[in-house]
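Take a look at the structure below.
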Amino acid sequence: MTNSVRVIPIECKFGRTTAYAYYIDAPEPALIDTGIASSASQEIETVLVEHGLRIEDIRWILLTHGHVDHLGGARAIWEITKGCAEVVIPQKEAYLLRNRSAHITDYKQLQGQYLDVETQEKHTAILLNDIGEGLKPTVEVVGGDRLLLGGDVSITVVETPGHSIGSVTFVLDGVNWAFAADAVQMYGGAQSRIPTIEHPGYYRQSLQRLLEEVRPRRQETVERLFDRYFRGISTSSNISGTGLGMAIARQIVIAHDGYIEIDSKPQHGTKCNIIFPLKRVG
Ligand SMILES: [Zn+2]
C-alpha cells in the first residue's frame, strides 16, 4: 500500500464534451481510460511528453467501462506500447472492446432509441471512427480483484454499475484516489439531452457504496494509526512490521504529557506533529 504516487489527469476531447484519462506514475505505469482513437496522439502523448514521460512505457491500460470515450483509444495506445501493456476491462463489458459492431448495437438499443434515424446514422459513423479496431483484453476484472503495478502500488477493483451494467471504479490503494469515471456524474444527460444512466437503481447503490465503503477507508487508516497491531487496511500481503511502532510511540509521548497530531493528505504524504508541554525545571 503506497501513500504517495503521482497521478496526471489528461483531458480527452469527445465532440462537445470531454472524458478524462489518468496516468498513474507507478513502477509499471498505468493509464486509466483512453479517450477516443485520436486521443492517444492528440492529447495523451502530448501531456505525457510535457511531464517528461513516454506513452510507450505504459504497462497497464485500465478501462472503467465499455463506452467509446473511455475505451476508443485503447487499441492505439496498446499498439504504441508494441503490445507490452496489459489490457484490463470489466468482465461484463469485455465484448465491447473485442467487437466494435457490438458497441453500435449497444448504442442503438440504449441511447439510439431516443434519436431519429438520421441522427442515429450520424452517431454510428462517429462511433466507428472513434473506436480503434477490435482489441483482445488480457485481464477481465470483477469486484475485489487487485492489480499490482510494481513496488507497493496497487489498484483494487470496485463494481459500480448503473451508468452501464459493467462499470467499475479503480481505487488506488493507500491514497485518496477512486477513479469512478461515469459511475459518478455531475450533469447526467443535461448536455446531450439523452439519458446517461442505464440502470438508475444500481447507480444509486453504487454511489452509496463509494460514499459509505470506499471513502471512509482512508479515514479509517488515519484513525486506527495508533491501534496495536494495526498495519493498514490494505489487503497487501507484503506489509512488514508488527504494527506496534506507532502504538509504542504514542505511549512514550503520552508519558511525557504530549500529544500527536496527524495531517494526512493524498498526494502530499502524512505529517506527524509531536507536541510536548514546556515545563519549568526545578
Ligand atoms: Zn460512459
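Every chain in the C-alpha cells has a letter given in the order shown (A, B, ...), and although residue numbers restart at 1 in each chain, ligands are simply numbered from 1 in the order shown.
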Filtered DSSP result for segment 79-248 of chain A, state helix (DSSP H, G or I), as an MDAnalysis selection string:
chainID A and resid 79:80 91:98 100:109 111:114 117:130 181:183 200:223 245:248
Tell me, as a PyMOL selection string, which residues lie within 12 Å of segment 36-38 of chain A, counting only C-alpha atoms; anything in the same chain fewer than 2 positions away does not count.
chain A and resi 11-15+17-21+33-34+40-46+66-79+126-134
Just N, CA and C atoms for this one: save the residues we selected as a compact mmCIF listing (two decimals), in the first residue's frame.
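File produced: again_35.txt:
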```txt
# COMPACT_ATOMS: atom_id res chain seq x y z
N GLU A 11 -7.09 15.52 -20.18
CA GLU A 11 -8.40 15.82 -20.76
C GLU A 11 -8.44 15.34 -22.21
N CYS A 12 -9.43 14.51 -22.54
CA CYS A 12 -9.58 13.99 -23.91
C CYS A 12 -10.89 14.52 -24.48
N LYS A 13 -10.79 15.23 -25.58
CA LYS A 13 -12.00 15.83 -26.17
C LYS A 13 -12.82 14.79 -26.93
N PHE A 14 -14.14 14.89 -26.75
CA PHE A 14 -15.05 13.99 -27.47
C PHE A 14 -16.28 14.81 -27.82
N GLY A 15 -16.31 15.28 -29.11
CA GLY A 15 -17.40 16.17 -29.52
C GLY A 15 -17.39 17.41 -28.65
N THR A 17 -18.09 17.39 -25.51
CA THR A 17 -17.77 17.05 -24.12
C THR A 17 -16.33 16.53 -24.02
N THR A 18 -15.93 16.23 -22.82
CA THR A 18 -14.60 15.65 -22.63
C THR A 18 -14.70 14.47 -21.68
N ALA A 19 -13.78 13.54 -21.86
CA ALA A 19 -13.65 12.45 -20.89
C ALA A 19 -12.20 12.52 -20.41
N TYR A 20 -11.96 12.10 -19.20
CA TYR A 20 -10.61 12.17 -18.66
C TYR A 20 -9.92 10.81 -18.66
N ALA A 21 -8.64 10.84 -18.99
CA ALA A 21 -7.78 9.68 -18.78
C ALA A 21 -6.85 10.06 -17.62
N ASP A 33 -8.51 4.62 -18.47
CA ASP A 33 -9.30 5.09 -19.62
C ASP A 33 -8.39 5.73 -20.67
N THR A 34 -8.92 5.76 -21.90
CA THR A 34 -8.02 6.10 -23.02
C THR A 34 -8.61 7.12 -23.99
N ALA A 40 -4.97 9.30 -28.28
CA ALA A 40 -3.64 8.77 -27.99
C ALA A 40 -2.57 9.74 -28.47
N SER A 41 -2.64 10.14 -29.75
CA SER A 41 -1.60 11.02 -30.29
C SER A 41 -1.90 12.49 -30.02
N GLN A 42 -3.19 12.85 -29.99
CA GLN A 42 -3.51 14.27 -29.88
C GLN A 42 -3.43 14.81 -28.45
N GLU A 43 -3.81 14.01 -27.49
CA GLU A 43 -3.85 14.56 -26.14
C GLU A 43 -2.97 13.79 -25.14
N ILE A 44 -3.09 12.46 -25.14
CA ILE A 44 -2.40 11.69 -24.10
C ILE A 44 -0.88 11.79 -24.26
N GLU A 45 -0.39 11.54 -25.48
CA GLU A 45 1.05 11.60 -25.70
C GLU A 45 1.60 13.00 -25.41
N THR A 46 0.86 14.03 -25.86
CA THR A 46 1.31 15.41 -25.67
C THR A 46 1.48 15.74 -24.19
N GLY A 66 -17.21 0.16 -21.04
CA GLY A 66 -17.05 -0.11 -22.47
C GLY A 66 -17.48 0.98 -23.42
N HIS A 67 -17.62 2.23 -22.96
CA HIS A 67 -18.10 3.28 -23.86
C HIS A 67 -16.97 3.91 -24.68
N VAL A 68 -17.38 4.42 -25.85
CA VAL A 68 -16.42 4.93 -26.85
C VAL A 68 -15.41 5.92 -26.29
N ASP A 69 -15.87 6.85 -25.45
CA ASP A 69 -14.97 7.90 -24.96
C ASP A 69 -14.08 7.43 -23.82
N HIS A 70 -14.17 6.15 -23.47
CA HIS A 70 -13.31 5.60 -22.41
C HIS A 70 -12.40 4.49 -22.93
N LEU A 71 -12.87 3.76 -23.96
CA LEU A 71 -12.01 2.69 -24.49
C LEU A 71 -11.58 2.91 -25.94
N GLY A 72 -12.11 3.97 -26.58
CA GLY A 72 -11.84 4.17 -28.01
C GLY A 72 -10.36 4.22 -28.37
N GLY A 73 -9.54 4.79 -27.46
CA GLY A 73 -8.12 4.93 -27.76
C GLY A 73 -7.27 3.75 -27.32
N ALA A 74 -7.89 2.73 -26.74
CA ALA A 74 -7.12 1.61 -26.17
C ALA A 74 -6.25 0.92 -27.23
N ARG A 75 -6.83 0.68 -28.40
CA ARG A 75 -6.09 -0.02 -29.45
C ARG A 75 -4.83 0.77 -29.85
N ALA A 76 -5.00 2.09 -30.05
CA ALA A 76 -3.88 2.93 -30.49
C ALA A 76 -2.76 2.92 -29.44
N ILE A 77 -3.13 3.02 -28.17
CA ILE A 77 -2.10 3.05 -27.11
C ILE A 77 -1.41 1.69 -26.99
N TRP A 78 -2.21 0.63 -27.06
CA TRP A 78 -1.64 -0.72 -26.98
C TRP A 78 -0.63 -0.94 -28.10
N GLU A 79 -0.94 -0.43 -29.29
CA GLU A 79 0.00 -0.57 -30.42
C GLU A 79 1.28 0.22 -30.18
N ILE A 126 -19.72 8.38 -36.31
CA ILE A 126 -18.76 8.95 -35.34
C ILE A 126 -18.16 7.82 -34.48
N LEU A 127 -19.03 6.91 -34.03
CA LEU A 127 -18.57 5.81 -33.19
C LEU A 127 -17.53 4.96 -33.92
N LEU A 128 -17.84 4.61 -35.18
CA LEU A 128 -16.93 3.74 -35.93
C LEU A 128 -15.57 4.42 -36.12
N ASN A 129 -15.59 5.73 -36.24
CA ASN A 129 -14.35 6.47 -36.44
C ASN A 129 -13.55 6.61 -35.14
N ASP A 130 -14.27 6.66 -34.03
CA ASP A 130 -13.61 6.97 -32.75
C ASP A 130 -13.17 5.76 -31.94
N ILE A 131 -13.58 4.57 -32.36
CA ILE A 131 -13.17 3.36 -31.62
C ILE A 131 -12.12 2.62 -32.45
N GLY A 132 -10.98 2.33 -31.83
CA GLY A 132 -9.94 1.55 -32.51
C GLY A 132 -10.48 0.15 -32.82
N GLU A 133 -9.90 -0.51 -33.82
CA GLU A 133 -10.35 -1.86 -34.20
C GLU A 133 -10.29 -2.81 -33.01
N GLY A 134 -11.06 -3.87 -33.10
CA GLY A 134 -11.19 -4.84 -32.00
C GLY A 134 -9.87 -5.18 -31.32
```
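The gap separating atom CA of Thr105 of chain A from atom CA of Glu121 of chain A is 12.1 Å, in Å to one decimal.
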Nearest candidate to Thr156 of chain A (options A:Tyr22, A:Thr119, A:Leu62, A:Asp182; using only C-alpha atoms):
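Closest to Thr156 of chain A of all the choices is A:Leu62.
For the pair atom CA of Val139 of chain A and atom CA of His163 of chain A, the separation is 21.6 Å.
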If you measure from atom CA of Gln111 of chain A to atom CA of Ala183 of chain A, what distance in Å do you get, rounded to one decimal?
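For atom CA of Gln111 of chain A relative to atom CA of Ala183 of chain A, the distance reads 16.9 Å.
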